[in-house]
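Colleague: Can you keep this structure in mind? I'll have questions shortly.
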Amino acid sequence: MSDYQETLYEGYGQRFRMEKMLHEVRTDHQHLVIFQNPRMGRVMALDGVIQTTEADEFIYHEMLTHVPILAHGAAKRVLIIGGGDGGMLREVAKHMSVEHITMVEIDATVVEMCKEYLPNHSSGAFDDSRLNLVIDDGMRFVATTEEKFDVIISDSTDPIGPGEVLFSENFYQACHRCLNEGGILVTQNGTPFMQLSGVQTTAGRMNGLFADWHFYHAAIPTYIGGAMTFAWGSTDKSYRKLPLETLRQRFSGSGIVTRYYNPEVHIGAFALPQYVLQAVGKASND
């Protein structure tokens, strides 16, 4: 039995016991491994960085989908960028009010391997009739498409390799262009304790582009380094200030059963630690 050593940070990291290597392949874009771990179940890594595990993926996927979709309240068209494992798609598809889901993933091999080795992530969602699966570069798609969306979810890898462009200024501008009036963009934004400069960079790119921008967070054990932040950009300032009762009505009305998300968590997730607020210039008592 061997170990898998994650290589995201210099001098600090985590190790996973590899009970069994299920699949390893060098795709056209990246090095992919899927293995079995006694605590986290099946684990997928790309280019030395853990992407998702069966045990705690629900936290990440629920928070990146239900927060923007329930805050919006009337999202019909949703765009997922990345998300090749199908977890984001599974959660978006639970919203019966969503009429059309476009998913743009750069690496077809990731989709195929995850269907085979991580089937619980997608739970059949790739067969949903509302899905338009596009194998393409996410940046190119948002820069060139004529389509508009109510919610855009960027489920990218870290800003190294193929995912780097999904943190660029051009990317946020292109996403803003693709949003309907009243649209919301959310993106994976790393763990601020370890990647604070990335949060600052995103803040600088959101500021001036979106009427309302902020971050929210959730603790996901797989992503070592503390709570993970998600960037939030909205064309409507009211979405982030919704009353708890409104969110409760929408959540119960959706009929969706969750394991992490609830309306109280939704509101609480936007309360950020002082060091993060200071880093993005939003600390109120400075």
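By convention here, the chains of the structure tokens are called A, B, ... in the order presented, each chain's residues are numbered starting at 1, and ligands are numbered starting at 1 in the order presented.
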Looking only at alpha helix (DSSP H) from DSSP on the backbone, list the matching residues of stretch 26-131 of chain A as a VMD selection string.
Modeller: chain A and resid 57 to 72 87 to 93 108 to 117 119 to 122
Colleague: With stretch 224-229 of chain A as the partner and 12 Å as the cut-off, tabulate the residues of stretch 33-107 of chain A that qualify, each row holding the nearest pair of atoms and their distance in Å to one decimal, using only C-alpha atoms, sorted by chain and rising number, as a tab-separated table.
Modeller:
residue	atom	partner	partner_atom	distance
A:Val49	CA	A:Ile224	CA	10.7
A:Ile50	CA	A:Ile224	CA	9.5
A:Gln51	CA	A:Ile224	CA	11.2
A:Thr52	CA	A:Ile224	CA	11.8
A:Ile59	CA	A:Met228	CA	10.6
A:Tyr60	CA	A:Met228	CA	8.8
A:Met63	CA	A:Thr229	CA	10.4
A:Leu64	CA	A:Thr229	CA	10.2
Colleague: Which residue gives the smallest distance to A:Asp127 among A:Ile81, A:Val104, A:Val98, A:Ala93, with only C-alpha atoms counted?
Modeller: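 Nearest candidate to A:Asp127 out of A:Ile81, A:Val104, A:Val98, A:Ala93: A:Ala93.
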Colleague: Can you write out as CSV which residues of stretch 45-151 of chain A fall within 8 Å of stretch 177-193 of chain A, alongside each residue's closest atom pair and its distance in Å to one decimal, counting only C-alpha atoms and ordering rows by chain and ascending residue number?
Modeller:
residue,atom,partner,partner_atom,distance
A:Leu64,CA,A:Val186,CA,6.9
A:Pro68,CA,A:Ile184,CA,6.5
A:His72,CA,A:Ile184,CA,7.4
A:Val142,CA,A:Cys178,CA,6.6
A:Thr145,CA,A:Cys178,CA,7.7
A:Glu146,CA,A:Cys178,CA,7.6
A:Glu147,CA,A:Cys178,CA,6.6
A:Lys148,CA,A:Cys178,CA,4.7
A:Phe149,CA,A:Leu179,CA,4.9
A:Asp150,CA,A:Gly183,CA,4.5
A:Val151,CA,A:Ile184,CA,4.9
Colleague: With DSSP run on the backbone, what are the strand (DSSP E or B) residues within stretch 94-284 of chain A? I'd like them as a PyMOL selection string.
Modeller: chain A and resi 100-105+131-135+149-155+179-188+207+210+212-218+228-234
Colleague: Do you know which residues are at most 8 Å from stretch 23-39 of chain A counting only C-alpha atoms, after dropping those on the same chain fewer than 5 positions away, and could you put them as a ChimeraX atom specification?
Modeller: /A:16-18,44-48,55,107,109-110,117,161-162
Colleague: Okay, now the selection with N, CA and C atoms, as a short mmCIF file (atom, residue, chain, number, x, y, z; two decimals), in the first residue's frame?
Modeller:
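The resulting out-v6.cif:
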data_model
loop_
_atom_site.label_atom_id
_atom_site.label_comp_id
_atom_site.auth_asym_id
_atom_site.auth_seq_id
_atom_site.Cartn_x
_atom_site.Cartn_y
_atom_site.Cartn_z
N PHE A 16 -2.54 10.97 1.47
CA PHE A 16 -3.66 10.03 1.44
C PHE A 16 -3.12 8.60 1.26
N ARG A 17 -3.60 7.69 2.07
CA ARG A 17 -3.23 6.30 1.83
C ARG A 17 -3.95 5.81 0.57
N MET A 18 -3.20 5.18 -0.30
CA MET A 18 -3.75 4.65 -1.53
C MET A 18 -3.97 3.14 -1.35
N MET A 44 -10.04 11.72 -6.50
CA MET A 44 -9.47 12.08 -7.80
C MET A 44 -8.47 13.22 -7.62
N ALA A 45 -7.31 13.07 -8.26
CA ALA A 45 -6.30 14.13 -8.27
C ALA A 45 -5.92 14.45 -9.71
N LEU A 46 -5.61 15.72 -9.94
CA LEU A 46 -5.12 16.17 -11.24
C LEU A 46 -3.81 16.91 -11.03
N ASP A 47 -2.79 16.50 -11.75
CA ASP A 47 -1.48 17.17 -11.68
C ASP A 47 -1.00 17.36 -10.23
N GLY A 48 -1.17 16.32 -9.43
CA GLY A 48 -0.64 16.36 -8.07
C GLY A 48 -1.50 17.07 -7.04
N ALA A 55 -16.21 11.26 0.08
CA ALA A 55 -16.71 11.50 1.44
C ALA A 55 -17.26 12.91 1.66
N ASP A 107 -11.73 18.88 -20.60
CA ASP A 107 -11.10 17.56 -20.71
C ASP A 107 -12.14 16.44 -20.75
N THR A 109 -11.75 13.38 -21.13
CA THR A 109 -11.31 12.19 -20.41
C THR A 109 -11.74 12.24 -18.95
N VAL A 110 -11.72 13.43 -18.35
CA VAL A 110 -12.17 13.58 -16.96
C VAL A 110 -13.63 13.15 -16.84
N TYR A 117 -15.54 5.77 -12.70
CA TYR A 117 -14.91 5.50 -11.40
C TYR A 117 -15.49 6.32 -10.24
N GLY A 161 -1.86 25.42 -14.49
CA GLY A 161 -2.24 24.51 -15.57
C GLY A 161 -3.48 25.00 -16.31
N PRO A 162 -4.36 24.06 -16.75
CA PRO A 162 -5.52 24.43 -17.58
C PRO A 162 -6.49 25.38 -16.88
#
Colleague: Given only C-alpha atoms as the basis, pick out the residue of A:Ile106, A:Ser97, A:Arg130, A:Val265 nearest to A:Gly73.
Modeller: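 Of all the options, A:Ser97 lies closest to A:Gly73.
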Colleague: Write out as a PyMOL selection string the residues lying within 9 Å of A:Asp136, counting only C-alpha atoms and excluding same-chain residues fewer than 2 positions away.
Modeller: chain A and resi 104-108+134+138-141
Colleague: For the selection you just gave me, I'd like the residues written to a file as a CSV table (one decimal), in the first residue's frame, keeping N, CA, C and O atoms.
Modeller:
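Okay, this is what ended up in part_19.csv:
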chain,number,residue,atom,x,y,z
A,104,VAL,N,-19.5,23.2,-19.6
A,104,VAL,CA,-18.3,23.3,-20.4
A,104,VAL,C,-17.1,22.8,-19.7
A,104,VAL,O,-16.6,23.4,-18.7
A,105,GLU,N,-16.6,21.7,-20.2
A,105,GLU,CA,-15.4,21.0,-19.5
A,105,GLU,C,-14.3,20.8,-20.6
A,105,GLU,O,-14.6,20.4,-21.7
A,106,ILE,N,-13.1,21.2,-20.3
A,106,ILE,CA,-12.0,21.2,-21.2
A,106,ILE,C,-11.6,19.8,-21.6
A,106,ILE,O,-11.1,19.5,-22.7
A,107,ASP,N,-11.7,18.9,-20.6
A,107,ASP,CA,-11.1,17.6,-20.7
A,107,ASP,C,-12.1,16.4,-20.7
A,107,ASP,O,-12.7,16.0,-19.7
A,108,ALA,N,-12.4,15.9,-21.9
A,108,ALA,CA,-13.4,14.9,-22.1
A,108,ALA,C,-13.0,13.6,-21.3
A,108,ALA,O,-13.9,12.9,-20.8
A,134,VAL,N,-20.6,20.6,-23.3
A,134,VAL,CA,-19.7,21.1,-24.4
A,134,VAL,C,-18.3,20.8,-23.9
A,134,VAL,O,-17.9,21.2,-22.8
A,138,GLY,N,-13.2,26.7,-21.2
A,138,GLY,CA,-14.2,27.5,-20.6
A,138,GLY,C,-14.1,29.0,-20.9
A,138,GLY,O,-15.1,29.7,-21.1
A,139,MET,N,-12.8,29.4,-21.0
A,139,MET,CA,-12.6,30.8,-21.3
A,139,MET,C,-13.1,31.1,-22.7
A,139,MET,O,-13.7,32.1,-23.0
A,140,ARG,N,-12.7,30.2,-23.6
A,140,ARG,CA,-13.1,30.4,-25.0
A,140,ARG,C,-14.7,30.5,-25.1
A,140,ARG,O,-15.2,31.3,-25.9
A,141,PHE,N,-15.3,29.6,-24.4
A,141,PHE,CA,-16.8,29.5,-24.5
A,141,PHE,C,-17.4,30.8,-24.0
A,141,PHE,O,-18.3,31.4,-24.7
Colleague: Can you list, as a PyMOL selection string, every protein, DNA or RNA residue that comes within 12 Å of A:Trp232 when you count only C-alpha atoms, leaving out same-chain residues fewer than 3 positions away?
Modeller: chain A and resi 63-65+67-68+71+151-154+172+176+183-189+199+202-203+205-207+209-217+229+235-237+239-240+269-270
Colleague: Select, from A:Val78, A:Glu6, A:Met1, A:Ala271, the residue with the minimum atom-to-atom distance to A:Glu19, counting only C-alpha atoms.
Modeller: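 Once distances to A:Glu19 are computed over only C-alpha atoms, the minimum belongs to A:Met1.
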Colleague: Taking only C-alpha atoms into account, which of A:Glu91, A:Asp85, A:Glu116, A:Glu99 comes nearest A:Leu22?
Modeller: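 Counting only C-alpha atoms, the residue closest to A:Leu22 is A:Glu116.
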Colleague: When you look at A:Ser254 with a cut-off of 8 Å (counting only C-alpha atoms), what residues show up, excluding the ones that are within fewer than 4 positions of it in the same chain? I need them as a VMD selection string.
Modeller: chain A and resid 95 to 96 250
Colleague: Check the smallest atom-to-atom distance from each of A:His66, A:Arg77, A:Lys94, A:Arg15 to A:Ile267 using only C-alpha atoms, then report the winner.
Modeller: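 So, comparing all the options, the nearest one is A:His66.
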Colleague: I'd like the interatomic distance between atom CA of A:Met88 and atom CA of A:Leu277, to a tenth of an Å.
Modeller: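 Straight-line distance from atom CA of A:Met88 to atom CA of A:Leu277 works out to 27.4 Å.
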Colleague: In Å, with one decimal, what is the gap from atom CA of A:Gly204 to atom CA of A:Ser156?
Modeller: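 Separating atom CA of A:Gly204 from atom CA of A:Ser156 is a distance of 18.9 Å.
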Colleague: For atom CA of A:Gly87 and atom CA of A:Phe171, quote the distance in Å rounded to one decimal.
Modeller: 22.4 Å
